[in-house]
Structure formats: structure tokens, C-alpha cells
$ cat data_39.cif   # mmCIF, C-alpha atoms
data_protein
loop_
_atom_site.label_atom_id
_atom_site.label_comp_id
_atom_site.auth_asym_id
_atom_site.auth_seq_id
_atom_site.Cartn_x
_atom_site.Cartn_y
_atom_site.Cartn_z
CA MET A 789 119.10 180.56 101.93
CA ASP A 790 122.39 180.54 103.84
CA LEU A 791 122.18 183.75 105.86
CA SER A 792 125.92 183.84 106.41
CA THR A 793 126.41 184.55 102.69
CA VAL A 794 124.24 187.68 102.75
CA THR A 795 124.98 190.31 105.37
CA LYS A 796 123.36 193.39 103.87
CA TYR A 797 119.63 193.87 103.86
CA ASP A 798 117.60 197.04 103.38
CA ALA A 799 115.33 196.04 106.27
CA VAL A 800 115.12 193.36 108.96
CA ILE A 801 111.72 192.30 110.24
CA VAL A 802 111.47 190.39 113.51
CA GLY A 803 108.32 188.25 113.63
CA ALA A 804 106.60 186.31 110.84
CA GLY A 805 102.92 186.59 111.57
CA PHE A 806 100.48 188.63 109.53
CA ALA A 807 102.12 191.90 110.61
CA GLY A 808 105.71 190.92 109.88
CA LEU A 809 105.02 189.15 106.60
CA SER A 810 102.77 191.93 105.27
CA ALA A 811 105.43 194.52 106.14
CA ALA A 812 108.10 192.42 104.43
CA VAL A 813 105.99 191.92 101.30
CA ARG A 814 105.16 195.61 101.04
CA LEU A 815 108.85 196.54 101.36
CA THR A 816 109.77 193.89 98.81
CA ARG A 817 107.26 195.31 96.35
CA GLN A 818 109.13 198.60 96.61
CA GLY A 819 112.42 196.96 95.66
CA ALA A 820 113.87 196.42 99.14
CA ARG A 821 115.80 193.30 100.06
CA VAL A 822 114.39 192.11 103.39
CA LEU A 823 115.25 189.57 106.04
CA VAL A 824 112.48 188.10 108.19
CA LEU A 825 113.44 186.37 111.45
CA GLU A 826 110.94 184.16 113.26
CA ALA A 827 111.71 182.60 116.64
CA ARG A 828 109.33 179.67 116.20
CA ARG A 829 109.92 176.73 113.89
CA ARG A 830 106.82 177.63 111.89
CA LEU A 831 105.53 180.81 110.31
CA GLY A 832 102.33 182.57 111.31
CA GLY A 833 102.74 183.69 114.91
CA ARG A 834 99.32 183.49 116.58
CA ALA A 835 97.66 182.67 113.23
CA THR A 836 99.37 179.45 112.30
CA THR A 837 98.80 175.79 111.45
CA LEU A 838 99.70 172.65 113.39
CA VAL A 839 99.79 169.00 112.35
CA ASP A 840 97.48 166.75 114.35
CA ARG A 841 99.69 163.95 115.65
CA GLU A 842 97.15 161.14 115.17
CA THR A 843 95.36 162.04 111.94
CA GLY A 844 98.18 163.94 110.25
CA GLU A 845 95.61 166.57 109.36
CA LEU A 846 96.50 170.28 109.24
CA VAL A 847 94.75 172.10 112.05
CA ASP A 848 94.70 175.88 112.51
CA ASN A 849 95.55 177.04 116.03
CA GLY A 850 92.16 178.77 116.00
CA GLN A 851 89.51 179.49 113.42
CA HIS A 852 90.22 182.90 111.88
CA VAL A 853 87.35 184.65 110.12
CA MET A 854 87.73 187.87 108.17
CA LEU A 855 85.32 190.46 106.79
CA GLY A 856 84.85 192.25 103.49
CA CYS A 857 86.07 195.47 105.10
CA TYR A 858 89.53 193.93 105.61
CA VAL A 859 90.92 196.00 102.75
CA ASP A 860 94.58 195.77 103.78
CA THR A 861 94.35 192.01 104.30
CA LEU A 862 92.79 191.44 100.89
CA SER A 863 95.42 193.73 99.33
CA PHE A 864 98.15 191.68 101.03
CA LEU A 865 96.68 188.46 99.62
CA ASP A 866 96.60 190.11 96.20
CA ASP A 867 100.28 191.03 96.56
CA ILE A 868 101.33 187.42 97.21
CA GLY A 869 98.99 185.88 94.64
CA ALA A 870 96.78 184.28 97.28
CA ARG A 871 93.46 186.08 96.83
CA ASP A 872 91.83 182.84 95.72
CA HIS A 873 92.82 181.29 99.07
CA VAL A 874 89.80 182.97 100.66
CA ARG A 875 86.12 183.03 99.77
CA VAL A 876 84.14 186.26 100.11
CA GLU A 877 80.47 185.60 100.78
CA ARG A 878 77.98 187.53 98.64
CA GLN A 879 76.28 189.09 101.66
CA LEU A 880 76.29 189.07 105.45
CA ALA A 881 74.47 185.84 106.18
CA VAL A 882 74.80 183.80 109.37
CA THR A 883 72.89 180.80 110.71
CA MET A 884 72.34 180.94 114.47
CA ILE A 885 71.03 178.31 116.88
CA ASP A 886 69.76 179.91 120.08
CA ARG A 887 69.83 178.40 123.56
CA ASP A 888 66.42 176.77 123.00
CA GLY A 889 67.71 175.01 119.89
CA LEU A 890 65.79 177.26 117.48
CA ARG A 891 67.66 177.51 114.18
CA SER A 892 67.29 180.76 112.25
CA ARG A 893 69.23 182.80 109.72
CA LEU A 894 70.18 186.45 109.51
CA GLU A 895 70.46 187.48 105.85
CA CYS A 896 71.30 191.07 104.97
CA PRO A 897 70.41 191.67 101.30
CA ALA A 898 73.35 193.04 99.32
CA SER A 899 70.88 194.75 96.98
CA LEU A 900 70.24 197.38 99.66
CA PRO A 901 72.75 200.08 100.64
CA SER A 902 74.52 199.81 103.97
CA PRO A 903 73.33 199.96 106.73
CA LEU A 904 69.78 199.49 105.40
CA HIS A 905 70.73 195.93 104.48
CA LEU A 906 71.37 195.26 108.20
CA VAL A 907 68.00 196.74 109.18
CA ALA A 908 66.24 194.66 106.52
CA GLY A 909 68.02 191.53 107.67
CA VAL A 910 67.14 192.08 111.31
CA PHE A 911 63.52 192.91 110.45
CA ASP A 912 63.28 189.56 108.62
CA TRP A 913 64.96 187.56 111.36
CA THR A 914 62.44 185.07 112.74
CA ALA A 915 64.44 184.38 115.92
CA LEU A 916 63.60 187.85 117.24
CA THR A 917 60.49 189.42 118.66
CA TRP A 918 59.26 192.61 117.01
CA LYS A 919 60.51 194.57 120.00
CA ASP A 920 63.98 193.11 119.40
CA ARG A 921 63.83 193.88 115.68
CA LEU A 922 62.71 197.48 116.15
CA SER A 923 65.45 198.15 118.66
CA VAL A 924 68.08 197.94 115.89
CA LEU A 925 66.88 201.37 114.76
CA GLY A 926 68.43 202.75 117.95
CA MET A 927 71.88 202.09 116.45
CA ALA A 928 71.35 204.37 113.45
CA GLY A 929 72.63 207.48 115.22
CA PRO A 930 75.64 205.85 116.92
CA LEU A 931 76.65 204.21 113.62
CA ARG A 932 76.54 207.53 111.77
CA THR A 933 78.66 209.14 114.50
CA ALA A 934 81.16 206.26 114.41
CA GLN A 935 81.48 206.59 110.63
CA ARG A 936 81.97 210.36 110.83
CA GLN A 937 84.59 209.77 113.51
CA LEU A 938 86.75 208.09 110.85
CA ARG A 939 87.10 211.40 109.01
CA PRO A 940 90.06 213.68 109.76
CA GLY A 941 89.24 216.44 112.22
CA ALA A 942 86.16 214.74 113.68
CA THR A 943 85.34 215.95 117.20
CA ARG A 944 82.26 213.92 118.15
CA ILE A 945 82.81 210.40 119.46
CA ALA A 946 80.47 207.44 119.20
CA ALA A 947 81.34 205.94 122.59
CA SER A 948 83.15 206.98 125.74
CA PRO A 949 86.54 205.36 126.48
CA ASP A 950 85.39 204.28 129.95
CA GLU A 951 82.14 202.75 128.64
CA THR A 952 81.84 199.01 128.07
CA VAL A 953 80.24 197.50 124.98
CA GLU A 954 77.35 196.21 127.08
CA ASN A 955 76.65 199.61 128.63
CA TRP A 956 76.91 201.29 125.23
CA LEU A 957 74.40 198.91 123.66
CA ILE A 958 71.98 199.30 126.57
CA ARG A 959 72.32 203.08 126.42
CA ASN A 960 71.39 202.88 122.75
CA ARG A 961 68.23 200.87 123.56
CA GLN A 962 69.35 197.50 122.24
CA THR A 963 67.16 194.80 123.76
CA ALA A 964 68.53 191.76 125.58
CA GLY A 965 67.29 189.54 122.74
CA LEU A 966 69.07 191.47 120.00
CA ARG A 967 72.20 191.76 122.11
CA GLU A 968 72.37 188.00 122.66
CA MET A 969 71.66 187.05 119.05
CA LEU A 970 73.58 189.75 117.16
CA TRP A 971 75.70 192.27 119.00
CA ASN A 972 77.26 190.01 121.67
CA PRO A 973 78.40 187.30 119.21
CA LEU A 974 79.79 189.98 116.92
CA ALA A 975 81.58 191.72 119.79
CA LEU A 976 83.06 188.47 121.07
CA ALA A 977 84.26 187.49 117.60
CA ALA A 978 85.78 190.90 116.87
CA LEU A 979 87.12 191.86 120.29
CA ASN A 980 87.75 188.47 121.90
CA GLN A 981 86.38 189.78 125.17
CA PRO A 982 82.94 189.67 126.80
CA PRO A 983 80.80 192.77 126.14
CA HIS A 984 80.63 193.59 129.85
CA GLN A 985 84.45 193.90 129.90
CA ALA A 986 85.54 195.32 126.53
CA ALA A 987 85.55 199.07 125.92
CA ALA A 988 82.95 200.39 123.50
CA PRO A 989 85.03 202.72 121.25
CA VAL A 990 86.86 199.90 119.47
CA PHE A 991 83.59 198.05 118.86
CA ALA A 992 82.08 201.24 117.46
CA ARG A 993 85.08 201.46 115.11
CA VAL A 994 84.48 197.87 113.95
CA LEU A 995 80.82 198.62 113.23
CA ALA A 996 81.75 201.81 111.38
CA GLU A 997 83.98 199.86 109.01
CA MET A 998 81.58 196.91 108.68
CA PHE A 999 78.50 198.98 107.99
CA GLY A 1000 80.01 201.75 105.91
CA ALA A 1001 79.13 202.56 102.32
CA ALA A 1002 79.56 199.07 100.81
CA PRO A 1003 77.19 196.24 101.78
CA LEU A 1004 79.93 193.68 101.08
CA ALA A 1005 82.09 195.25 103.81
CA ALA A 1006 80.15 193.19 106.34
CA SER A 1007 80.37 189.95 104.37
CA ILE A 1008 82.14 186.99 105.92
CA VAL A 1009 85.49 186.05 104.35
CA LEU A 1010 86.57 182.45 105.02
CA PRO A 1011 89.96 180.86 104.32
CA THR A 1012 89.65 177.99 101.85
CA ARG A 1013 92.79 176.28 103.14
CA PRO A 1014 94.79 176.13 106.38
CA LEU A 1015 96.54 179.31 107.43
CA ASP A 1016 100.07 178.28 106.45
CA GLN A 1017 98.88 177.58 102.91
CA MET A 1018 96.52 180.54 102.89
CA TYR A 1019 99.13 183.24 103.50
CA ALA A 1020 102.30 182.22 105.32
CA GLU A 1021 104.00 180.06 102.70
CA PRO A 1022 102.86 182.22 99.75
CA ALA A 1023 104.35 185.24 101.54
CA ARG A 1024 107.60 183.37 102.14
CA GLN A 1025 107.77 182.37 98.47
CA TYR A 1026 107.13 185.95 97.36
CA ILE A 1027 109.84 187.40 99.61
CA GLU A 1028 112.44 184.78 98.75
CA GLY A 1029 111.54 184.96 95.07
CA HIS A 1030 112.53 188.63 95.12
CA GLY A 1031 115.92 188.27 96.79
CA GLY A 1032 114.86 188.35 100.45
CA ALA A 1033 115.12 185.68 103.14
CA VAL A 1034 112.72 184.21 105.68
CA THR A 1035 114.16 182.05 108.42
CA THR A 1036 112.46 180.24 111.28
CA GLY A 1037 113.94 179.07 114.58
CA ALA A 1038 115.86 182.35 114.72
CA ARG A 1039 115.34 184.07 118.06
CA ALA A 1040 116.38 187.68 117.49
CA ARG A 1041 117.56 190.52 119.67
CA ILE A 1042 117.57 194.19 118.66
CA ARG A 1043 120.44 196.23 120.13
CA ILE A 1044 119.79 199.93 120.56
CA GLY A 1045 122.75 202.30 120.50
CA ARG A 1046 122.84 205.99 121.28
CA GLY A 1047 122.23 206.94 117.65
CA GLY A 1048 119.42 204.48 117.02
CA VAL A 1049 119.33 200.79 116.14
CA ASP A 1050 122.86 199.38 116.23
CA HIS A 1051 122.21 195.88 114.92
CA VAL A 1052 119.96 192.82 114.97
CA SER A 1053 121.40 189.50 116.08
CA SER A 1054 120.33 185.87 116.15
CA GLY A 1055 122.80 183.44 117.64
CA ALA A 1056 126.19 184.19 116.10
CA ASP A 1057 124.69 186.11 113.15
CA ARG A 1058 124.51 189.91 113.17
CA TRP A 1059 122.98 192.39 110.74
CA ARG A 1060 123.20 196.16 110.45
CA THR A 1061 120.52 197.87 108.43
CA ASP A 1062 118.79 201.22 108.02
CA ALA A 1063 115.34 199.93 109.02
CA VAL A 1064 114.23 197.39 111.62
CA ILE A 1065 110.59 196.47 112.17
CA SER A 1066 109.58 194.75 115.39
CA ALA A 1067 106.52 192.67 114.49
CA VAL A 1068 106.35 190.58 117.65
CA PRO A 1069 103.30 190.60 119.96
CA TRP A 1070 103.22 192.94 122.92
CA PHE A 1071 104.12 190.23 125.45
CA ALA A 1072 107.38 189.48 123.59
CA VAL A 1073 108.51 193.13 123.45
CA PRO A 1074 110.24 193.35 126.87
CA ASP A 1075 112.70 190.56 125.95
CA LEU A 1076 113.40 191.74 122.41
CA PHE A 1077 115.56 194.80 123.04
CA GLU A 1078 118.95 195.33 124.63
CA GLY A 1079 121.38 198.21 124.97
CA ASP A 1080 120.25 201.81 125.42
CA THR A 1081 116.48 201.19 125.70
CA ALA A 1082 115.59 204.43 127.52
CA GLY A 1083 113.72 205.75 124.48
CA LEU A 1084 111.53 202.64 124.50
CA GLU A 1085 110.66 202.60 128.20
CA PRO A 1086 107.06 203.87 127.76
CA ILE A 1087 106.43 201.17 125.16
CA ILE A 1088 108.06 198.41 127.21
CA THR A 1089 106.28 199.48 130.39
CA GLY A 1090 102.93 199.60 128.59
CA ALA A 1091 103.51 196.19 127.04
CA LYS A 1092 104.27 194.65 130.43
CA ALA A 1093 101.09 196.15 131.91
CA THR A 1094 98.78 195.04 129.08
CA ALA A 1095 96.38 192.30 130.11
CA VAL A 1096 95.52 189.36 127.89
CA SER A 1097 92.34 187.71 126.65
CA PRO A 1098 92.53 184.01 125.70
CA ILE A 1099 90.82 181.82 123.10
CA VAL A 1100 90.07 178.11 123.45
CA THR A 1101 89.39 175.94 120.40
CA VAL A 1102 88.06 172.38 120.62
CA ASN A 1103 88.53 170.21 117.53
CA MET A 1104 86.44 167.09 117.04
CA TRP A 1105 86.57 164.30 114.50
CA PHE A 1106 83.30 162.41 113.87
CA ASP A 1107 82.63 159.42 111.65
CA GLY A 1108 80.50 161.59 109.37
CA GLN A 1109 79.58 165.17 108.55
CA VAL A 1110 77.59 166.82 111.35
CA ILE A 1111 76.60 170.20 109.87
CA ASP A 1112 75.58 171.16 106.36
CA GLU A 1113 77.22 174.59 106.12
CA PRO A 1114 80.67 176.06 106.83
CA PHE A 1115 79.86 177.71 110.17
CA VAL A 1116 77.05 178.23 112.65
CA GLY A 1117 76.70 180.67 115.54
CA LEU A 1118 75.82 179.31 118.98
CA PRO A 1119 74.82 182.45 120.94
CA GLY A 1120 74.56 182.36 124.71
CA ARG A 1121 76.90 179.38 125.05
CA VAL A 1122 80.50 178.92 126.16
CA MET A 1123 81.42 177.72 122.67
CA GLN A 1124 80.07 180.53 120.52
CA TRP A 1125 80.90 179.31 116.99
CA LEU A 1126 81.01 175.98 115.19
CA PHE A 1127 83.04 175.53 111.99
CA ASP A 1128 83.11 172.55 109.66
CA THR A 1129 86.57 172.43 108.10
CA ARG A 1130 85.45 169.91 105.48
CA ALA A 1131 82.91 172.41 104.16
CA VAL A 1132 85.59 175.13 104.08
CA PHE A 1133 88.77 173.26 103.07
CA GLY A 1134 87.32 170.28 101.19
CA GLU A 1135 88.10 166.60 101.63
CA ALA A 1136 91.60 167.32 102.97
CA ALA A 1137 89.91 168.15 106.29
CA SER A 1138 87.50 166.15 108.41
CA HIS A 1139 87.08 167.89 111.75
CA VAL A 1140 84.81 170.51 113.29
CA SER A 1141 86.08 173.34 115.46
CA LEU A 1142 84.20 174.92 118.34
CA VAL A 1143 85.55 178.28 119.43
CA SER A 1144 85.27 180.05 122.77
CA SER A 1145 86.37 183.69 122.54
CA GLY A 1146 87.13 185.70 125.66
CA ALA A 1147 87.74 182.35 127.31
CA ALA A 1148 89.32 183.44 130.61
CA ASP A 1149 86.67 181.58 132.62
CA VAL A 1150 87.31 178.21 130.94
CA LEU A 1151 91.01 178.41 130.11
CA GLY A 1152 91.98 176.52 133.27
CA ARG A 1153 89.66 173.57 132.71
CA THR A 1154 91.21 170.24 131.83
CA ASN A 1155 91.12 168.90 128.27
CA PRO A 1156 88.54 166.20 129.15
CA GLU A 1157 86.34 168.85 130.78
CA LEU A 1158 86.54 171.14 127.76
CA LEU A 1159 85.87 168.28 125.35
CA ALA A 1160 82.84 167.20 127.38
CA LEU A 1161 81.53 170.76 127.54
CA ALA A 1162 81.95 171.33 123.81
CA HIS A 1163 80.34 167.98 122.97
CA GLU A 1164 77.40 168.68 125.30
CA GLU A 1165 76.78 172.12 123.77
CA LEU A 1166 77.07 170.67 120.29
CA LEU A 1167 74.48 167.98 121.11
CA GLU A 1168 72.11 170.57 122.60
CA ALA A 1169 72.35 172.71 119.46
CA LEU A 1170 72.33 169.86 116.94
CA PRO A 1171 70.60 166.77 118.37
CA ALA A 1172 71.26 164.93 115.09
CA VAL A 1173 74.92 164.78 116.13
CA ARG A 1174 73.92 161.93 118.46
CA ALA A 1175 73.86 159.69 115.39
CA ALA A 1176 77.55 160.45 114.73
CA ARG A 1177 80.36 158.76 116.63
CA LEU A 1178 83.06 160.96 118.12
CA LEU A 1179 86.43 159.55 117.05
CA ARG A 1180 88.88 162.08 118.45
CA GLY A 1181 89.04 165.42 120.20
CA THR A 1182 91.81 167.94 120.86
CA VAL A 1183 92.03 171.25 122.68
CA ILE A 1184 94.11 174.25 121.59
CA ARG A 1185 94.62 177.02 124.11
CA GLU A 1186 95.91 180.46 123.16
CA PRO A 1187 96.39 182.15 126.57
CA HIS A 1188 97.86 185.26 124.88
CA ALA A 1189 95.49 185.24 121.90
CA THR A 1190 94.77 188.99 122.08
CA PHE A 1191 95.38 191.97 124.30
CA SER A 1192 92.63 193.15 126.61
CA LEU A 1193 90.35 195.96 125.46
CA ALA A 1194 89.00 196.69 128.92
CA PRO A 1195 88.82 200.37 129.91
CA GLY A 1196 91.98 201.54 131.63
CA GLN A 1197 94.48 199.47 129.66
CA PRO A 1198 97.77 201.16 128.69
CA PRO A 1199 97.68 203.21 125.49
CA ARG A 1200 98.69 201.36 122.33
CA PRO A 1201 101.90 202.62 120.71
CA ASP A 1202 102.36 204.20 117.31
CA THR A 1203 104.24 202.62 114.41
CA ARG A 1204 107.07 205.17 114.70
CA THR A 1205 109.30 205.18 117.76
CA ASP A 1206 111.79 207.61 119.27
CA VAL A 1207 114.60 205.26 118.24
CA LYS A 1208 116.04 206.05 114.82
CA GLY A 1209 115.49 203.24 112.35
CA LEU A 1210 113.05 201.29 114.55
CA TYR A 1211 109.37 200.78 113.68
CA LEU A 1212 106.63 198.72 115.30
CA ALA A 1213 104.03 196.45 113.74
CA GLY A 1214 101.49 194.06 115.18
CA ASP A 1215 97.78 193.88 115.95
CA TRP A 1216 98.47 195.71 119.23
CA ILE A 1217 99.76 198.85 117.48
CA ASP A 1218 97.33 201.77 117.55
CA THR A 1219 95.36 201.10 114.38
CA GLY A 1220 92.02 201.86 116.04
CA LEU A 1221 90.98 198.25 115.48
CA PRO A 1222 90.92 195.32 117.92
CA ALA A 1223 93.46 192.49 117.71
CA THR A 1224 92.34 191.22 114.34
CA ILE A 1225 94.12 190.04 111.20
CA GLU A 1226 93.23 193.36 109.59
CA SER A 1227 94.82 195.32 112.44
CA ALA A 1228 98.01 193.26 112.08
CA VAL A 1229 98.23 193.72 108.30
CA ARG A 1230 97.32 197.40 108.47
CA SER A 1231 100.11 197.93 110.99
CA GLY A 1232 102.53 196.01 108.76
CA HIS A 1233 101.72 198.24 105.81
CA ARG A 1234 102.10 201.36 107.96
CA ALA A 1235 105.46 200.18 109.27
CA ALA A 1236 106.68 199.51 105.73
CA ALA A 1237 105.56 202.96 104.62
CA ALA A 1238 107.34 204.57 107.59
CA ALA A 1239 110.51 202.62 106.90
CA LEU A 1240 110.41 203.85 103.32
CA GLY A 1241 110.15 207.43 104.59
CA ARG A 1242 106.54 207.98 103.60
#

$ encode --input "data_39.cif" --output "C-alpha cells"
Amino acid sequence: MDLSTVTKYDAVIVGAGFAGLSAAVRLTRQGARVLVLEARRRLGGRATTLVDRETGELVDNGQHVMLGCYVDTLSFLDDIGARDHVRVERQLAVTMIDRDGLRSRLECPASLPSPLHLVAGVFDWTALTWKDRLSVLGMAGPLRTAQRQLRPGATRIAASPDETVENWLIRNRQTAGLREMLWNPLALAALNQPPHQAAAPVFARVLAEMFGAAPLAASIVLPTRPLDQMYAEPARQYIEGHGGAVTTGARARIRIGRGGVDHVSSGADRWRTDAVISAVPWFAVPDLFEGDTAGLEPIITGAKATAVSPIVTVNMWFDGQVIDEPFVGLPGRVMQWLFDTRAVFGEAASHVSLVSSGAADVLGRTNPELLALAHEELLEALPAVRAARLLRGTVIREPHATFSLAPGQPPRPDTRTDVKGLYLAGDWIDTGLPATIESAVRSGHRAAAAALGR
């Protein structure tokens, strides 16, 4: 769409990741004409798809896994007609290969109510000693408290803000074995930060939503196609099919006047509107605004002071299939998860991805070093891989993958701001959740509701 022919929009959204696109879709559903501006040449923000230069294969910039409790995310996919672009597993079931190479499987029966299905799964888990299995009972009380904390007016808290995940688990009598096999991999996947660094309250919130009333809330939800096809392009088509516009390569600036938002500009184009949603990540906030920004100083200062936690993904192409299921956990290793894109996406994909969350310690290693490390850990976990020939390997670094959840970080801002007509969205907004897809979409829906005056 030629933006110069349309100058009036009901809302302008800056940023086209999960937060910005979900906000735009929700506004569109309510009859608003929206404009989405994305600085990059591709949609998706930090959840996007690249084209591998040698194979031509679509490669996600990191493997993104969701859960059955991602109610806003699944609602968003429903809105854009993309619910069949993900597969919801029938139960929480994960294959793990421990540091000794022992392969085992945690299966939490969906026939039991939550969280009894977790207890039953752990009690059946052959990788654990009976001391490890029994220790899961120590989480019953903290889980109940975390779930009650979700209710309005709750006064008791499940974890202290200055307590790390590791300390919280130890205080609740979780053994080293159960921490390594269950809680640490889950914390790393959800928080993208090692348990000895991340604060416990957000992890308690994740567990409260995972192990609430519905057993399927803890089920793994996997994309069945690359991220641009899973949500980004369907969202674009929905918005543009209802009179809106989505444009990439449009670096925007938001000018604040004394009475609120004055206008949004990109190059020579300028738009005035009643509602503007900033859906950029925290590290992009300081350069987004101009004019009278005094009312945003606490937000800008907090964004500048927020630390980051990186993710490193190593992609490998072999001359044959190396695992027989979509994903496997590799606890106690640098590369904590292994995904087979062929098993997830079908024959359009042919690579495996090894993911290192909370990867600050390895981010600075060279590509050959990271490829060698990933290959070595893969061979240790799956000796049969020795029969496969490695054809190609690539490394994707996301230095700003998520914000830090360490105790003492600046407070996360609310959706509403002190600037009239300006709203915030993004996984870093105070949703109570870590920097997940669900946090981003939930914030997008909240920003849309606020912009609509609800």
C-alpha cells in the first residue's frame, strides 16, 4: 500500500513483532484502521525467520516453544486464522538425555488433574532416584501459594523478589537431581537466564500458570512452520485485508508535544493519530522518542539500565535424520535443547537446532568454537550421530534476546504512560511473565484495550 495516499489512521503501532502485530490485529478486530511500522526489512522482531544463504532453507532466528497456558497467543493465532500453524501436544511429555547419556522420558498423564499429573510423571521418571522423585512434593505448597497470588487482593507471595530461582528451589527441598533434570531446564527455557541469577517470583508465576487447573496448560506447543509463516505474514494479511497497512524498512520516531503525542514520522512521512503504541523492545526505547519526553524519563532511564540475557542457536545440516522426535532436552550441558526441524516442519526443512539459553558465557566464542562445542555435545548425547556426516553449520546470536530477570533490575513499566495517546507493548512490559511470546502478545492485547479506552 502506498502510505502517501492514506494519512489518517485510528492507531499507529511501531514495531512488528508478536507485541505489535497482536495489538494491531486486536484493534483491527474492533474496526480500527491501523498502521504498523517496522524498522527492519522483515517482520517478527526477535521472533523472525531468515533465509540460509547456502541451502535457501528458512531458518528461525531461534527455536521458539510455547505452552498450552499461552491463552493470549493461541487467541491471537485464532484471530488471524493461523491456529493450525501450531501443534498442541496431548500432555506434558519430554525426552531427556542426561550427562551420562541415559535417555529417559517425563510423561505427565493428562487423565489426572493438575498438578497431580506432574507428581505422577515425576514418580514414574526412571532417570531419578526415589529421593529425587519424592522431593517434588515439596513444591506443592509453593505452587498453591503462587496460584493464589494470581487472584486479586492476594497478600501472600510465593517467592521473595531478592531470592534467586536456585535458592527458592533449594529452600523448598528440591534435590540436585530433580533440579538438573526438571526445574533448571524449565527455568532456562522460560526465563532465559541461569537459575542462580534469575529472580524466583517470575518463575513462580510461570509455574502457577503451567500447573493450574488444566493439565493441558503445561503441554508443549510447537510451530509447524517457520515463524514468518506461522504468525507474521498471516497477521500482515489480516491487517491489510481490513484496510490497515504494514510496512517494513520504516524507522519511526514518535514526537511528544506538551499535550501528548504530536505525531509519528518515518522519513518524509508523518502521521497524526489519537493512539500510538510503542511495541519496540526496551533497548530501542531511548532512540524512539523526541520532543518533550519529560513524562517518559522514568521509562527511558529504566530501559537504559536494564541488563540483557542472550541466546545462541547452532544449526546443523546432516546427510540424514539424527533424532526420531521433534525435540530432546540435554540437561546439564551448554546446549540445553535439540530440535529437529524436519520432524516439526516436514520435508521443507532439513536441519537440527541446538539452543543455549542464558548464553552470556558462550556468546563471545567464535563460530567454529560454538559449532565444535555443539557437535561434541550432540555426539555425547547421541553417539549414533557419528554415522551421519555434518554438511553445514551456522550460528545465530541474539545478544539482546531477553531482558535480565536478576534481582535488582529496574521495574518494568505499565502499558499506560503519562503521555496522552501513548501506550507501551512488548515482552518487557509488566505482565508478570518473563520475556516470552505470551508476555509479548498479552501486552499487545492490553495496549489495544487501553487504546480503545477499556

$ resolve_selection --input "data_39.cif" --expression "the PyMOL selection byres ((chain A and resi 1179-1192) around 6)" --output "list in words"
Ala1095, Val1096, Ser1097, Pro1098, Ile1099, Val1100, Thr1101, Val1102, Asn1103, Met1104, Trp1105, Phe1106, Leu1178, Leu1193, Ala1194 and Ala1223 of chain A

$ closest_residue --input "data_39.cif" --among "A:Leu979, A:Ala915, A:Ala870, A:Cys857" --to "Phe999 of chain A" --atoms "all atoms listed in the file"
A:Cys857

$ resolve_selection --input "data_39.cif" --expression "the PyMOL selection byres ((chain A and resi 821) around 9)" --output "PyMOL selection string"
chain A and resi 796-800+812+815-816+819-820+822-823+1027+1030-1033

$ write_last_selection --input "data_39.cif" --atoms "C-alpha atoms" --output "CSV table (one decimal), in the coordinates of the input"
chain,number,residue,atom,x,y,z
A,796,LYS,CA,123.4,193.4,103.9
A,797,TYR,CA,119.6,193.9,103.9
A,798,ASP,CA,117.6,197.0,103.4
A,799,ALA,CA,115.3,196.0,106.3
A,800,VAL,CA,115.1,193.4,109.0
A,812,ALA,CA,108.1,192.4,104.4
A,815,LEU,CA,108.8,196.5,101.4
A,816,THR,CA,109.8,193.9,98.8
A,819,GLY,CA,112.4,197.0,95.7
A,820,ALA,CA,113.9,196.4,99.1
A,822,VAL,CA,114.4,192.1,103.4
A,823,LEU,CA,115.2,189.6,106.0
A,1027,ILE,CA,109.8,187.4,99.6
A,1030,HIS,CA,112.5,188.6,95.1
A,1031,GLY,CA,115.9,188.3,96.8
A,1032,GLY,CA,114.9,188.4,100.4
A,1033,ALA,CA,115.1,185.7,103.1

$ residues_around --input "data_39.cif" --residues "Lys919 of chain A" --least-positions-apart "4" --cutoff "9 Å" --atoms "all atoms listed in the file" --output "PyMOL selection string"
chain A and resi 923+963+965

$ resolve_selection --input "data_39.cif" --expression "the PyMOL selection byres ((chain A and resi 832-843) around 7)" --output "compact mmCIF listing (two decimals) with C-alpha atoms, in the frame of the given file"
# COMPACT_ATOMS: atom_id res chain seq x y z
CA ALA A 804 106.60 186.31 110.84
CA GLY A 805 102.92 186.59 111.57
CA PHE A 806 100.48 188.63 109.53
CA ARG A 830 106.82 177.63 111.89
CA LEU A 831 105.53 180.81 110.31
CA GLY A 844 98.18 163.94 110.25
CA GLU A 845 95.61 166.57 109.36
CA LEU A 846 96.50 170.28 109.24
CA VAL A 847 94.75 172.10 112.05
CA ASP A 848 94.70 175.88 112.51
CA ASN A 849 95.55 177.04 116.03
CA PRO A 1014 94.79 176.13 106.38
CA LEU A 1015 96.54 179.31 107.43
CA ASP A 1016 100.07 178.28 106.45
CA ALA A 1020 102.30 182.22 105.32
CA ALA A 1189 95.49 185.24 121.90

$ closest_residue --input "data_39.cif" --among "A:Gly1209, A:Ile1065, A:Gly1214, A:Ser1054" --to "Thr1035 of chain A" --atoms "all atoms listed in the file"
A:Ser1054

$ atom_distance --input "data_39.cif" --atom1 "atom CA of Ala1001 of chain A" --atom2 "atom CA of Arg939 of chain A"
13.7 Å

$ residues_around --input "data_39.cif" --residues "Arg829 of chain A" --least-positions-apart "3" --cutoff "9 Å" --atoms "all atoms listed in the file" --output "ChimeraX atom specification"
/A:826,1035-1038

$ residues_around --input "data_39.cif" --residues "Ala1067 of chain A" --least-positions-apart "2" --cutoff "7 Å" --atoms "all atoms listed in the file" --output "PyMOL selection string"
chain A and resi 801-803+807-808+1065+1069+1212-1214

$ closest_residue --input "data_39.cif" --among "A:Gly926, A:Glu1078, A:Ser1231, A:Val1034" --to "Gly1048 of chain A" --atoms "all atoms listed in the file"
A:Glu1078

$ closest_residue --input "data_39.cif" --among "A:Lys1208, A:Lys1092, A:Arg1043, A:Arg1234" --to "Phe1071 of chain A" --atoms "all atoms listed in the file"
A:Lys1092

$ atom_distance --input "data_39.cif" --atom1 "atom CA of Glu1157 of chain A" --atom2 "atom CA of Asp1112 of chain A"
26.8 Å

$ atom_distance --input "data_39.cif" --atom1 "atom CA of Thr943 of chain A" --atom2 "atom CA of Ala996 of chain A"
15.7 Å

$ residues_around --input "data_39.cif" --residues "His1233 of chain A" --least-positions-apart "6" --cutoff "8 Å" --atoms "all atoms listed in the file" --output "list in words"
Ala807, Ser810, Ala811, Arg814 and Asp860 of chain A

$ residues_around --input "data_39.cif" --residues "Gly1134 of chain A" --least-positions-apart "2" --cutoff "12 Å" --atoms "all atoms listed in the file" --output "list in words"
Pro1011, Thr1012, Arg1013, Pro1014, Gln1109, Pro1114, Asp1128, Thr1129, Arg1130, Ala1131, Val1132, Ala1136, Ala1137, Ser1138 and His1139 of chain A

$ closest_residue --input "data_39.cif" --among "A:Ile945, A:Ala1237, A:Met1018, A:Leu1076" --to "Ala1040 of chain A" --atoms "only C-alpha atoms"
A:Leu1076

$ closest_residue --input "data_39.cif" --among "A:Gln1025, A:Asn955, A:Thr861, A:Ser902" --to "Ala1006 of chain A" --atoms "all atoms listed in the file"
A:Ser902

$ residues_near_point --input "data_39.cif" --point "(72.5, 161.7, 111.7)" --cutoff "7 Å" --atoms "only C-alpha atoms" --output "list in words"
Ala1172, Val1173, Arg1174, Ala1175 and Ala1176 of chain A
